[in-house]
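Enquirer: Can you read through this structure? Questions will come right after.
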Amino acid sequence: MRRMIIAGNWKMYKTLEETLVFFDELSSWEKDFRHENQILIFPPNLYTMSCLEKTRGNDIDIGVQNIYFKDFGAYTGEISPPMLTSIGCKYALVGHSERRHIFAENDEEINRKILSLLKHKKHIVFCVGEKENEREDGYTEQVLTNQLRYGLGDVGEKDMQQITIAYEPVWAIGTGKTATPEIAQDAHAFIRNWLKDNYSSHVANKARILYGGSVKVANCEGLLIQPDIDGALIGGASLKINDFIEIIKKGEEVANRKDQ
Ligand code: 13P
């Protein structure tokens with residue numbers, strides 16, 4: 001049984017004050033809520049230390065939304081894996097579609113980021129996903145194959161323990177157009193099969209693959225119950241404390257059902 005993850009990617013939202021209020025509420029609720037699933041939030045990088053502070057003593061993990069692959073140097077505006085170590089942050093998101101498409105990150109840079117984070121023993125949530133026209137033209141599997149092959153270049157079998165994959169179809173991000181559970185399950189099964197063919201059955205069975213793209217309270221159950229979906233990476237709905245808590249609760253119910 002793979003431990004599911006309910007993750008929130010806040011992107012560039014919330015002031016510090018709003019962030020602290022959210023974590024006060026989440027932390028005090030979480031203390032009294034027994035959960036098997038992992039809770040992981042990627043707030044804006046600027047607030048990482050405050051969020052780590054706020055969640056100390058809680059079973060809530062905090063990560064950054066992006067890093068640069070060099071350790072230190074003249075790279076204005078960037079942060080690095082050793083800096084994460086220095087503040088006690090263990091998680092990073094890599095290859096989000098907004099990084100790929102707005103900031104023109106390519107597979108090679110994404111791969112360098114993954115290798116750098118692995119060198120510094122971080123846990124990585126590595127995002128992949130096709131654009132709408134790529135799906136319409138029948139290239140979904142080709143796009144996923146390329147993103148996996150190049151993104152995970154030189155990543156060894158043992159390192160795969162540190163990597164969670166997030167399947168986020170670009171056409172479903174922030175659009176309200178969620179993938180149907182069947183479409184999402186098919187893509188997840190394809191990714192798991194790719195891991196089996198390119199690593200091993202062991203890696204494929206252990207790897208956690210999250211779905212992201214317009215996940216909401218109303219649709220999370222149908223997605224999370226799918227056999228190859230091991231959690232969610234939630235944008236908009238993770239910004240609202242009540243919605244995020246509801247999704248965590250539903251995730252817990254689904255995990256119990258899958259366990260039986
Ligand atoms: P939405 O849930 O807002 O569609 O965002 C998904 C996402 O990009 C998470 O990384």
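In the structure tokens, chains take letters A, B, ... by order of appearance, with residues numbered from 1 within each chain and ligands from 1 in the order shown.
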Using only C-alpha atoms and all ligand atoms, which residues have at least one atom no more than 7 Å from ligand 1? Output them as a PyMOL selection string.
Expert: chain A and resi 8-9+96+168+172-176+212-215+233-237
Enquirer: For the residues in that selection, give me N, CA, C and O atoms as a PDB file, in the first residue's frame.
Expert:
```
ATOM      1  N   GLY A   8      -0.632  20.753  -1.617  1.00  0.00           N
ATOM      2  CA  GLY A   8      -1.143  22.036  -2.103  1.00  0.00           C
ATOM      3  C   GLY A   8      -0.018  22.834  -2.735  1.00  0.00           C
ATOM      4  O   GLY A   8       1.071  22.935  -2.154  1.00  0.00           O
ATOM      5  N   ASN A   9      -0.264  23.356  -3.923  1.00  0.00           N
ATOM      6  CA  ASN A   9       0.698  24.259  -4.569  1.00  0.00           C
ATOM      7  C   ASN A   9       0.049  25.633  -4.613  1.00  0.00           C
ATOM      8  O   ASN A   9      -0.908  25.846  -5.349  1.00  0.00           O
ATOM      9  N   HIS A  96       6.979  22.151 -12.873  1.00  0.00           N
ATOM     10  CA  HIS A  96       5.566  22.510 -12.991  1.00  0.00           C
ATOM     11  C   HIS A  96       5.308  23.135 -14.362  1.00  0.00           C
ATOM     12  O   HIS A  96       6.166  23.821 -14.910  1.00  0.00           O
ATOM     13  N   GLU A 168      -0.027  16.324 -14.300  1.00  0.00           N
ATOM     14  CA  GLU A 168      -0.878  17.517 -14.348  1.00  0.00           C
ATOM     15  C   GLU A 168      -1.109  17.907 -15.805  1.00  0.00           C
ATOM     16  O   GLU A 168      -0.288  18.610 -16.401  1.00  0.00           O
ATOM     17  N   ALA A 172      -6.004  21.083 -17.821  1.00  0.00           N
ATOM     18  CA  ALA A 172      -6.861  20.969 -16.627  1.00  0.00           C
ATOM     19  C   ALA A 172      -6.424  21.914 -15.510  1.00  0.00           C
ATOM     20  O   ALA A 172      -7.098  22.034 -14.492  1.00  0.00           O
ATOM     21  N   ILE A 173      -5.272  22.589 -15.698  1.00  0.00           N
ATOM     22  CA  ILE A 173      -4.743  23.424 -14.614  1.00  0.00           C
ATOM     23  C   ILE A 173      -5.410  24.790 -14.606  1.00  0.00           C
ATOM     24  O   ILE A 173      -5.322  25.536 -15.584  1.00  0.00           O
ATOM     25  N   GLY A 174      -6.090  25.069 -13.504  1.00  0.00           N
ATOM     26  CA  GLY A 174      -6.707  26.377 -13.322  1.00  0.00           C
ATOM     27  C   GLY A 174      -7.856  26.664 -14.282  1.00  0.00           C
ATOM     28  O   GLY A 174      -8.307  27.799 -14.407  1.00  0.00           O
ATOM     29  N   THR A 175      -8.336  25.648 -14.966  1.00  0.00           N
ATOM     30  CA  THR A 175      -9.381  25.861 -15.978  1.00  0.00           C
ATOM     31  C   THR A 175     -10.746  25.388 -15.503  1.00  0.00           C
ATOM     32  O   THR A 175     -11.754  25.682 -16.137  1.00  0.00           O
ATOM     33  N   GLY A 176     -10.778  24.613 -14.425  1.00  0.00           N
ATOM     34  CA  GLY A 176     -12.038  24.022 -13.979  1.00  0.00           C
ATOM     35  C   GLY A 176     -12.375  22.770 -14.786  1.00  0.00           C
ATOM     36  O   GLY A 176     -13.354  22.088 -14.520  1.00  0.00           O
ATOM     37  N   GLY A 212      -2.962  16.275 -10.638  1.00  0.00           N
ATOM     38  CA  GLY A 212      -3.212  17.708 -10.420  1.00  0.00           C
ATOM     39  C   GLY A 212      -3.912  18.320 -11.612  1.00  0.00           C
ATOM     40  O   GLY A 212      -3.648  17.945 -12.761  1.00  0.00           O
ATOM     41  N   GLY A 213      -4.805  19.278 -11.327  1.00  0.00           N
ATOM     42  CA  GLY A 213      -5.545  19.946 -12.399  1.00  0.00           C
ATOM     43  C   GLY A 213      -7.000  20.054 -12.005  1.00  0.00           C
ATOM     44  O   GLY A 213      -7.757  19.103 -12.153  1.00  0.00           O
ATOM     45  N   SER A 214      -7.353  21.240 -11.431  1.00  0.00           N
ATOM     46  CA  SER A 214      -8.739  21.520 -11.025  1.00  0.00           C
ATOM     47  C   SER A 214      -9.304  20.476 -10.053  1.00  0.00           C
ATOM     48  O   SER A 214     -10.482  20.117 -10.139  1.00  0.00           O
ATOM     49  N   VAL A 215      -8.479  19.998  -9.136  1.00  0.00           N
ATOM     50  CA  VAL A 215      -8.988  19.106  -8.083  1.00  0.00           C
ATOM     51  C   VAL A 215      -9.778  19.959  -7.087  1.00  0.00           C
ATOM     52  O   VAL A 215      -9.303  21.016  -6.657  1.00  0.00           O
ATOM     53  N   LEU A 233      -2.260  16.958  -6.257  1.00  0.00           N
ATOM     54  CA  LEU A 233      -1.510  18.216  -6.150  1.00  0.00           C
ATOM     55  C   LEU A 233      -2.512  19.304  -6.522  1.00  0.00           C
ATOM     56  O   LEU A 233      -2.947  19.400  -7.664  1.00  0.00           O
ATOM     57  N   ILE A 234      -2.880  20.081  -5.515  1.00  0.00           N
ATOM     58  CA  ILE A 234      -4.037  20.965  -5.644  1.00  0.00           C
ATOM     59  C   ILE A 234      -3.603  22.418  -5.681  1.00  0.00           C
ATOM     60  O   ILE A 234      -2.841  22.864  -4.819  1.00  0.00           O
ATOM     61  N   GLY A 235      -4.090  23.149  -6.655  1.00  0.00           N
ATOM     62  CA  GLY A 235      -3.788  24.575  -6.743  1.00  0.00           C
ATOM     63  C   GLY A 235      -4.854  25.377  -6.013  1.00  0.00           C
ATOM     64  O   GLY A 235      -4.867  25.459  -4.778  1.00  0.00           O
ATOM     65  N   GLY A 236      -5.790  25.935  -6.784  1.00  0.00           N
ATOM     66  CA  GLY A 236      -6.807  26.845  -6.243  1.00  0.00           C
ATOM     67  C   GLY A 236      -7.482  26.382  -4.963  1.00  0.00           C
ATOM     68  O   GLY A 236      -7.583  27.144  -3.997  1.00  0.00           O
ATOM     69  N   ALA A 237      -7.930  25.130  -4.930  1.00  0.00           N
ATOM     70  CA  ALA A 237      -8.684  24.653  -3.762  1.00  0.00           C
ATOM     71  C   ALA A 237      -7.806  24.507  -2.514  1.00  0.00           C
ATOM     72  O   ALA A 237      -8.331  24.422  -1.399  1.00  0.00           O
TER      73      ALA A 237
END
```
Enquirer: Residues near A:Tyr47, anyone? I mean within 12 Å using only C-alpha atoms, not counting same-chain ones fewer than 2 positions away, as a list in words.
Expert: Trp10, Lys11, Met12, Tyr13, Lys14, Thr15, Leu16, Glu17, Glu18, Thr19, Leu20, Phe23, Ile41, Phe42, Pro43, Pro44, Asn45, Met49, Ser50, Cys51, Leu52, Glu53, Lys54, Ile62, Gly63, Val64, Gln65, Ile87 and Cys89 of chain A
Enquirer: Looking only at strand (DSSP E) from DSSP on the backbone, list the matching residues of stretch 128-176 of chain A as a ChimeraX atom specification.
Expert: /A:128,163-167
Enquirer: When you look at A:Tyr167 with a cut-off of 10 Å (counting only C-alpha atoms), what residues show up, excluding the ones that are within fewer than 2 positions of it in the same chain? I need them as a ChimeraX atom specification.
Expert: /A:96,126-130,144,164-165,169-170,184,187-188,191,209-213,229,232-233
Enquirer: Using only C-alpha atoms, find the one residue out of A:Trp29, A:Tyr75, A:Phe190, A:Tyr91 that sits nearest to A:Ala7.
Expert: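 Smallest separation from A:Ala7 among the options: A:Tyr91.
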Enquirer: Quick one, how far is atom CA of A:Glu25 from atom CA of A:Val254?
Expert: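 Going from atom CA of A:Glu25 over to atom CA of A:Val254 covers 23.5 Å.
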Enquirer: Residues of stretch 44-238 of chain A classed as alpha helix (DSSP H) by DSSP on the backbone are to be reported as number ranges by chain.
Expert: A: 48-54, 81-87, 97-101, 107-119, 132-136, 140-151, 181-198, 201-206, 217-224
Enquirer: For atom CA of A:Glu246 and atom CA of A:Met4, determine how far apart the two atoms are, in Å to one decimal place.
Expert: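 According to the coordinates, atom CA of A:Glu246 and atom CA of A:Met4 are separated by 15.4 Å.
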Enquirer: May I ask which of the residues A:Thr55, A:Thr140, A:Ser200, A:Ser28 is the closest one to A:Leu40, counting only C-alpha atoms?
Expert: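 Closest to A:Leu40 of all the choices is A:Thr55.
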Enquirer: Which one of A:Thr178, A:Asn146, A:Asn58, A:Asn66 sits closest to A:Ile124 if you count only C-alpha atoms?
Expert: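 Using only C-alpha atoms, A:Ile124 sits closest to A:Asn66.
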Enquirer: Could you please determine the separation between atom CA of A:Ala207 and atom CA of A:Val155 in Å, to one decimal place?
Expert: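 Separation between atom CA of A:Ala207 and atom CA of A:Val155: 13.8 Å.
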Enquirer: Neighbouring residues of stretch 240-243 of chain A were defined as those with any atom within 8 Å, considering only C-alpha atoms; residues of the same chain fewer than 5 positions away were excluded. Please report them as a list in words.
Expert: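 These residues fall inside the cut-off: Phe22, Glu25, Leu26, Lys216 and Val217 of chain A.
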Enquirer: So, with only C-alpha atoms as the atoms that count, which of A:Ile67, A:Leu224, A:Ile183, A:Ala255 lies closest to A:Pro82?
Expert: A:Ile67
Enquirer: Taking only C-alpha atoms into account, name the residue in A:Leu195, A:Ile110, A:Leu84, A:Val21 that is nearest to A:Val125.
Expert: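 For A:Val125, the nearest of the candidates is A:Ile110.
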Enquirer: Applying 9 Å and only C-alpha atoms, which residues near A:Lys113 remain after dropping the ones on its own chain fewer than 5 positions away? List them as a PDB file with C-alpha atoms, in the first residue's frame.
Expert:
```
ATOM      1  CA  ASN A  66      11.253  25.852  -7.496  1.00  0.00           C
ATOM      2  CA  ILE A  67      15.044  25.837  -7.070  1.00  0.00           C
ATOM      3  CA  TYR A  68      18.112  26.469  -9.205  1.00  0.00           C
ATOM      4  CA  PHE A  69      20.510  23.586  -9.781  1.00  0.00           C
ATOM      5  CA  LYS A  70      23.741  25.309  -8.736  1.00  0.00           C
ATOM      6  CA  PRO A  81      19.208  22.936  -2.511  1.00  0.00           C
ATOM      7  CA  VAL A  94      10.185  20.607 -10.096  1.00  0.00           C
ATOM      8  CA  GLY A  95       8.963  21.003 -13.658  1.00  0.00           C
ATOM      9  CA  GLU A 108      17.413  19.460 -19.526  1.00  0.00           C
ATOM     10  CA  LEU A 118      18.942  14.320  -5.181  1.00  0.00           C
TER      11      LEU A 118
END
```
Enquirer: Once you count only C-alpha atoms, what closest atom pair and distance in Å to one decimal does each residue of stretch 109-181 of chain A within 9 Å of stretch 219-223 of chain A have, with rows by chain and rising residue number, as CSV?
Expert:
```
residue,atom,partner,partner_atom,distance
A:Thr178,CA,A:Asn219,CA,8.2
A:Ala179,CA,A:Leu223,CA,8.8
A:Thr180,CA,A:Leu223,CA,7.7
A:Pro181,CA,A:Leu223,CA,4.9
```
